[in-house]
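*Asks:* Pasting start.cif below, which is mmCIF, C-alpha atoms.
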```cif
data_protein
loop_
_atom_site.label_atom_id
_atom_site.label_comp_id
_atom_site.auth_asym_id
_atom_site.auth_seq_id
_atom_site.Cartn_x
_atom_site.Cartn_y
_atom_site.Cartn_z
CA THR U 290 0.00 0.00 0.00
CA GLY U 291 0.83 3.70 -0.22
CA GLY U 292 3.74 5.24 -1.99
CA THR U 293 3.90 7.74 -4.81
CA ALA U 294 3.72 6.82 -8.47
CA ALA U 295 5.47 9.05 -11.02
CA PHE U 296 6.29 9.09 -14.69
CA ALA U 297 9.93 9.43 -15.62
CA ASP U 298 9.18 12.96 -16.89
CA LYS U 299 6.14 15.20 -17.43
CA ASN U 300 6.14 15.22 -21.24
CA ALA U 301 3.67 13.56 -23.57
CA GLY U 302 4.72 10.17 -24.92
CA THR U 303 3.76 6.50 -25.21
CA ASP U 304 4.96 3.58 -23.06
CA LYS U 305 6.63 5.81 -20.52
CA VAL U 306 8.15 4.25 -17.39
CA VAL U 307 6.11 4.71 -14.19
CA THR U 308 7.82 4.07 -10.86
CA LEU U 309 6.22 3.63 -7.41
CA THR U 310 8.31 4.82 -4.47
CA GLY U 311 7.60 4.81 -0.72
CA ALA U 312 5.24 1.81 -0.77
CA SER U 313 4.90 -0.53 2.21
CA LEU U 314 3.23 -3.82 3.19
CA GLU U 315 0.06 -4.08 5.26
CA GLY U 316 -2.23 -6.87 6.33
CA ALA U 317 -2.47 -9.51 9.08
CA ASP U 318 0.61 -11.36 7.81
CA SER U 319 2.66 -8.38 6.58
CA ALA U 320 5.20 -8.93 9.39
CA ASN U 321 6.19 -12.16 7.71
CA TYR U 322 7.29 -10.35 4.56
CA ARG U 323 9.83 -7.80 3.45
CA LEU U 324 9.29 -5.64 0.35
CA THR U 325 12.41 -6.18 -1.70
CA SER U 326 11.41 -4.00 -4.66
CA VAL U 327 8.49 -2.72 -6.68
CA GLY U 328 8.70 -3.26 -10.42
CA SER U 329 8.04 -0.34 -12.76
CA ALA U 330 5.08 -0.15 -15.15
CA MET U 331 4.42 1.47 -18.53
CA ALA U 332 1.77 4.08 -19.34
CA SER U 333 1.24 6.94 -21.78
CA ILE U 334 0.83 10.68 -21.39
CA THR U 335 -1.32 12.03 -24.21
CA ALA U 336 -1.10 15.62 -25.45
CA LYS U 337 -3.49 18.13 -23.86
CA SER U 338 -5.99 19.77 -26.21
CA VAL U 339 -5.79 23.57 -26.42
CA VAL U 340 -8.15 25.97 -28.21
CA PRO U 341 -6.77 28.35 -30.86
CA SER U 342 -8.07 31.92 -31.19
CA ILE U 343 -7.20 35.01 -33.23
CA VAL U 344 -7.93 38.72 -33.34
CA ALA U 345 -8.01 40.08 -36.92
CA GLU U 346 -7.36 43.72 -37.81
CA ASP U 347 -9.62 45.84 -39.99
CA LYS U 348 -7.96 46.88 -43.22
CA ILE U 349 -8.36 49.26 -46.13
CA TYR U 350 -9.42 47.63 -49.40
CA ASP U 351 -6.40 46.36 -51.35
CA GLY U 352 -8.00 43.94 -53.80
CA THR U 353 -6.92 40.85 -51.86
CA THR U 354 -8.35 38.63 -49.12
CA THR U 355 -5.12 38.72 -47.11
CA ALA U 356 -5.75 39.46 -43.41
CA ILE U 357 -3.42 40.74 -40.70
CA LEU U 358 -3.71 39.36 -37.17
CA SER U 359 -3.08 41.51 -34.11
CA LYS U 360 -3.23 38.50 -31.79
CA GLN U 361 -2.96 34.71 -32.07
CA THR U 362 -3.11 32.58 -28.95
CA VAL U 363 -4.18 29.25 -27.46
CA SER U 364 -6.18 28.73 -24.28
CA GLY U 365 -5.79 25.78 -21.91
CA VAL U 366 -2.01 25.82 -21.55
CA ILE U 367 -0.75 24.77 -18.11
CA ALA U 368 1.43 27.46 -16.52
CA PRO U 369 4.32 28.02 -16.82
CA ASP U 370 4.50 26.04 -20.08
CA VAL U 371 5.47 28.03 -23.18
CA VAL U 372 3.13 27.32 -26.09
CA THR U 373 2.32 29.65 -29.00
CA LEU U 374 -0.04 29.52 -31.96
CA VAL U 375 1.59 29.56 -35.39
CA VAL U 376 -0.72 30.64 -38.25
CA GLY U 377 0.12 29.66 -41.80
CA ALA U 378 -2.47 31.89 -43.48
CA ALA U 379 -5.23 34.32 -42.52
CA THR U 380 -7.83 35.35 -45.08
CA PHE U 381 -11.04 37.35 -45.35
CA ALA U 382 -14.06 35.55 -46.77
CA ASP U 383 -14.25 38.18 -49.55
CA GLU U 384 -11.96 40.87 -50.95
CA ASP U 385 -14.62 43.59 -51.19
CA VAL U 386 -15.59 46.27 -48.67
CA GLY U 387 -17.73 44.90 -45.83
CA SER U 388 -17.68 42.98 -42.56
CA TRP U 389 -16.30 39.50 -43.15
CA THR U 390 -15.22 36.33 -41.40
CA VAL U 391 -11.46 35.99 -41.18
CA THR U 392 -10.22 32.40 -41.13
CA ALA U 393 -6.80 31.39 -39.82
CA SER U 394 -5.64 28.10 -41.30
CA THR U 395 -2.59 25.82 -41.46
CA LEU U 396 -2.33 26.12 -37.70
CA SER U 397 0.44 24.61 -35.61
CA LEU U 398 1.91 24.99 -32.15
CA GLY U 399 5.25 26.53 -31.29
CA GLY U 400 7.20 27.10 -28.11
CA ALA U 401 9.34 25.01 -25.78
CA ASP U 402 6.41 22.86 -24.59
CA ALA U 403 4.47 22.56 -27.86
CA ALA U 404 4.98 18.79 -28.07
CA ASN U 405 2.81 18.30 -24.97
CA TYR U 406 -0.25 19.88 -26.57
CA THR U 407 -2.52 19.40 -29.54
CA LEU U 408 -4.91 21.81 -31.26
CA SER U 409 -8.62 21.28 -30.74
CA ALA U 410 -9.40 22.49 -34.29
CA PRO U 411 -7.48 22.89 -37.58
CA THR U 412 -8.79 26.44 -38.10
CA THR U 413 -10.18 29.35 -36.10
CA THR U 414 -12.08 32.51 -37.06
CA ASP U 415 -12.74 36.13 -36.16
CA THR U 416 -14.66 39.00 -37.77
CA ALA U 417 -13.10 42.15 -39.23
CA ASN U 418 -13.94 44.93 -41.68
CA ILE U 419 -12.59 45.97 -45.04
CA THR U 420 -13.07 49.73 -45.47
CA PRO U 421 -13.05 51.77 -48.72
CA LEU U 422 -9.77 52.88 -50.25
CA GLY U 423 -9.48 56.62 -50.74
CA ILE U 424 -8.46 57.63 -54.27
CA THR U 425 -7.99 60.99 -55.96
CA GLY U 426 -9.40 62.31 -59.21
CA SER U 427 -8.10 64.75 -61.78
CA ILE U 428 -9.48 66.38 -64.91
CA THR U 429 -8.54 68.26 -68.03
CA ALA U 430 -10.71 71.13 -69.26
CA GLU U 431 -11.40 72.73 -72.63
CA ASN U 432 -10.48 76.28 -73.50
CA LYS U 433 -13.49 78.39 -74.35
CA ILE U 434 -14.53 81.72 -75.80
CA TYR U 435 -15.90 84.20 -73.31
CA ASP U 436 -19.64 83.62 -72.83
CA GLY U 437 -20.33 85.57 -69.66
CA THR U 438 -20.45 82.43 -67.44
CA THR U 439 -17.98 80.38 -65.44
CA ALA U 440 -19.16 77.10 -67.01
CA ALA U 441 -16.33 74.81 -68.13
CA ALA U 442 -16.29 71.66 -70.25
CA VAL U 443 -14.35 68.62 -68.99
CA THR U 444 -12.33 66.86 -71.68
CA GLY U 445 -10.72 64.12 -69.56
CA ARG U 446 -11.34 62.38 -66.23
CA PHE U 447 -8.69 60.34 -64.40
CA LEU U 448 -8.29 58.42 -61.12
CA THR U 449 -5.12 57.76 -59.15
CA GLY U 450 -4.84 54.86 -56.70
CA VAL U 451 -7.16 52.30 -58.32
CA VAL U 452 -6.09 48.71 -57.59
CA GLY U 453 -5.20 46.58 -60.59
CA GLU U 454 -7.85 46.45 -63.29
CA ASP U 455 -10.78 47.42 -61.05
CA ASP U 456 -13.72 48.99 -62.87
CA VAL U 457 -13.96 52.49 -61.37
CA THR U 458 -14.59 55.77 -63.18
CA LEU U 459 -15.00 59.43 -62.22
CA THR U 460 -18.42 60.69 -63.28
CA GLY U 461 -20.80 63.63 -62.88
CA GLY U 462 -20.16 66.90 -61.18
CA THR U 463 -20.00 70.49 -62.43
CA ALA U 464 -16.85 72.11 -63.79
CA ALA U 465 -16.37 75.86 -63.45
CA PHE U 466 -13.73 78.51 -64.03
CA ALA U 467 -12.70 80.59 -61.03
CA ASP U 468 -14.42 83.58 -62.68
CA ARG U 469 -16.09 84.39 -65.99
CA ASN U 470 -13.49 86.79 -67.36
CA VAL U 471 -10.97 86.37 -70.17
CA GLY U 472 -7.57 85.01 -69.11
CA THR U 473 -4.98 82.28 -69.60
CA GLY U 474 -4.19 79.46 -67.21
CA LYS U 475 -7.40 80.02 -65.28
CA THR U 476 -8.23 77.51 -62.54
CA VAL U 477 -11.03 75.07 -63.32
CA THR U 478 -12.64 73.13 -60.46
CA LEU U 479 -14.92 70.09 -60.64
CA THR U 480 -17.44 69.77 -57.79
CA GLY U 481 -20.07 67.13 -57.06
CA ALA U 482 -18.26 64.32 -58.86
CA ALA U 483 -18.77 60.69 -57.86
CA LEU U 484 -17.40 57.21 -58.53
CA SER U 485 -19.13 54.65 -60.69
CA GLY U 486 -18.34 51.21 -62.07
CA THR U 487 -18.53 47.61 -60.89
CA ASP U 488 -15.92 48.11 -58.17
CA ALA U 489 -16.85 51.65 -57.12
CA GLY U 490 -18.17 50.41 -53.76
CA ASN U 491 -14.62 49.55 -52.72
CA TYR U 492 -13.44 53.15 -53.04
CA SER U 493 -14.10 56.64 -51.72
CA LEU U 494 -13.27 59.82 -53.63
CA SER U 495 -10.83 61.76 -51.47
CA SER U 496 -10.53 64.79 -53.74
CA VAL U 497 -10.47 65.98 -57.33
CA SER U 498 -7.54 68.19 -58.23
CA THR U 499 -8.06 71.38 -60.19
CA THR U 500 -6.78 72.05 -63.70
CA THR U 501 -6.33 75.13 -65.87
CA ALA U 502 -7.76 76.35 -69.16
CA ASN U 503 -8.12 79.60 -71.05
CA ILE U 504 -11.03 81.95 -71.70
CA THR U 505 -10.37 83.88 -74.89
CA ALA U 506 -12.02 87.15 -75.91
CA LYS U 507 -15.28 86.95 -77.80
CA SER U 508 -15.25 88.46 -81.25
CA VAL U 509 -17.83 91.21 -81.74
CA VAL U 510 -18.85 92.93 -85.02
CA PRO U 511 -18.75 96.72 -85.16
CA SER U 512 -21.50 98.65 -86.91
CA ILE U 513 -22.45 102.33 -87.21
CA VAL U 514 -25.34 104.48 -88.25
CA ALA U 515 -24.21 107.67 -89.88
CA ASP U 516 -26.24 110.86 -89.80
CA ASP U 517 -26.94 112.81 -92.97
#
```
Please express the file's structure as structure tokens.
*Replies:*
Amino acid sequence: TGGTAAFADKNAGTDKVVTLTGASLEGADSANYRLTSVGSAMASITAKSVVPSIVAEDKIYDGTTTAILSKQTVSGVIAPDVVTLVVGAATFADEDVGSWTVTASTLSLGGADAANYTLSAPTTTDTANITPLGITGSITAENKIYDGTTAAAVTGRFLTGVVGEDDVTLTGGTAAFADRNVGTGKTVTLTGAALSGTDAGNYSLSSVSTTTANITAKSVVPSIVADD
């Protein structure tokens, strides 16, 4: 009876030696016996299951599903063991703007005591947002003959910052000269413009830069009425 049984070490493994120390004999006839030794036994220590978890960061639209993690941990580790979660890949469910599930996959354990633990699941998830990417617009404007207004005609519309071959265009708005008078290199501003196209929802229009154009003098025809 009694005694303390212990594995040779604390780590997970199969057919590990177990030794009983401090045992003694009891019973009505125990005085007739002497305990010479206690043979060892074999048993296994199986890895402890730990639960993976992640915290995914929001990101600005970049045309990919790649996600960045601000935290990746496992719960259930016995202190002071050192066990970390290693993530092979983290991806959003979709590349477009919105709130999406982020899945961390190809998980494994790292750290000095990783061999004593096993993951409870091959993947884990979190939720994060993809927000619109700010892009800038620019225009070119047509020279015009003075007409008494500031109205300007746009000849070209351009966007800077669009990802890859995304379908986004600069549309609408009203172009105007800074004033209605004749002059060269006069500032033309487009206001009220918007984005359109299949992928427009993934972008926001940060600004539209001004351009310059000329207002030339209007030709007028002289005439007289002569008195007799």
*Asks:* Between U:Ile334, U:Leu484, U:Leu396, U:Val451, single out the one closest to U:Asp298, counting all atoms listed in the file.
*Replies:*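 Result for the nearest residue to U:Asp298: U:Ile334.
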*Asks:* I want to know what sits within 8 Å of U:Gly387, based on all atoms listed in the file, with residues of the same chain fewer than 2 positions away left out; could you give that as an NGL selection string?
*Replies:* :U and (385 or 389 or 418-420)
*Asks:* Name the residues in contact with U:Val344 at a cut-off of 7 Å, using only C-alpha atoms, excluding same-chain residues fewer than 4 positions from it; report them as number ranges by chain.
*Replies:* U: 358-361, 415
*Asks:* So, counting all atoms listed in the file, which residue among U:Ala301, U:Val510, U:Ala515, U:Leu448 is closest to U:Leu494?
*Replies:*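 Using all atoms listed in the file, the shortest distance to U:Leu494 belongs to U:Leu448.
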*Asks:* Starting from the shown file, work through the PyMOL selection byres ((chain U and resi 414) around 8) and note down what comes out as JSON, numbers by chain.
*Replies:* {"U": [342, 343, 390, 391, 392, 393, 412, 413, 415, 416]}
*Asks:* Using Å and a single decimal, report how far atom CA of U:Ala312 sits from atom CA of U:Ala294.
*Replies:*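 Answer for the atom CA of U:Ala294 to atom CA of U:Ala312 separation: 9.3 Å.
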*Asks:* When you write stretch 386-399 of chain U out from the block above, keep N, CA, C and O atoms and present the result as a tab-separated table (two decimals), in the first residue's frame, please.
*Replies:*
```
chain	number	residue	atom	x	y	z
U	386	VAL	N	-15.25	45.53	-49.88
U	386	VAL	CA	-15.59	46.27	-48.67
U	386	VAL	C	-16.76	45.61	-47.95
U	386	VAL	O	-17.74	45.20	-48.57
U	387	GLY	N	-16.67	45.49	-46.62
U	387	GLY	CA	-17.73	44.90	-45.83
U	387	GLY	C	-17.18	44.29	-44.55
U	387	GLY	O	-15.98	44.37	-44.27
U	388	SER	N	-18.07	43.69	-43.78
U	388	SER	CA	-17.68	42.98	-42.56
U	388	SER	C	-17.64	41.49	-42.89
U	388	SER	O	-18.65	40.92	-43.31
U	389	TRP	N	-16.49	40.87	-42.69
U	389	TRP	CA	-16.30	39.50	-43.15
U	389	TRP	C	-15.69	38.61	-42.06
U	389	TRP	O	-15.02	39.10	-41.16
U	390	THR	N	-15.90	37.32	-42.23
U	390	THR	CA	-15.22	36.33	-41.40
U	390	THR	C	-13.77	36.21	-41.85
U	390	THR	O	-13.49	36.14	-43.05
U	391	VAL	N	-12.87	36.23	-40.90
U	391	VAL	CA	-11.46	35.99	-41.18
U	391	VAL	C	-11.10	34.60	-40.64
U	391	VAL	O	-11.34	34.30	-39.47
U	392	THR	N	-10.57	33.76	-41.51
U	392	THR	CA	-10.22	32.40	-41.13
U	392	THR	C	-8.70	32.23	-41.09
U	392	THR	O	-8.01	32.56	-42.05
U	393	ALA	N	-8.23	31.73	-39.95
U	393	ALA	CA	-6.80	31.39	-39.82
U	393	ALA	C	-6.67	29.89	-40.05
U	393	ALA	O	-7.37	29.09	-39.41
U	394	SER	N	-5.80	29.51	-40.96
U	394	SER	CA	-5.64	28.10	-41.30
U	394	SER	C	-4.16	27.69	-41.28
U	394	SER	O	-3.30	28.53	-41.05
U	395	THR	N	-3.94	26.40	-41.55
U	395	THR	CA	-2.59	25.82	-41.46
U	395	THR	C	-1.99	26.16	-40.09
U	395	THR	O	-0.90	26.72	-39.98
U	396	LEU	N	-2.75	25.81	-39.06
U	396	LEU	CA	-2.33	26.12	-37.70
U	396	LEU	C	-1.36	25.06	-37.16
U	396	LEU	O	-1.47	23.88	-37.49
U	397	SER	N	-0.46	25.52	-36.32
U	397	SER	CA	0.44	24.61	-35.61
U	397	SER	C	0.83	25.26	-34.28
U	397	SER	O	0.52	26.43	-34.04
U	398	LEU	N	1.48	24.48	-33.45
U	398	LEU	CA	1.91	24.99	-32.15
U	398	LEU	C	3.42	25.19	-32.13
U	398	LEU	O	4.17	24.40	-32.70
U	399	GLY	N	3.83	26.27	-31.46
U	399	GLY	CA	5.25	26.53	-31.29
U	399	GLY	C	5.55	26.74	-29.82
U	399	GLY	O	4.65	26.78	-28.99
```
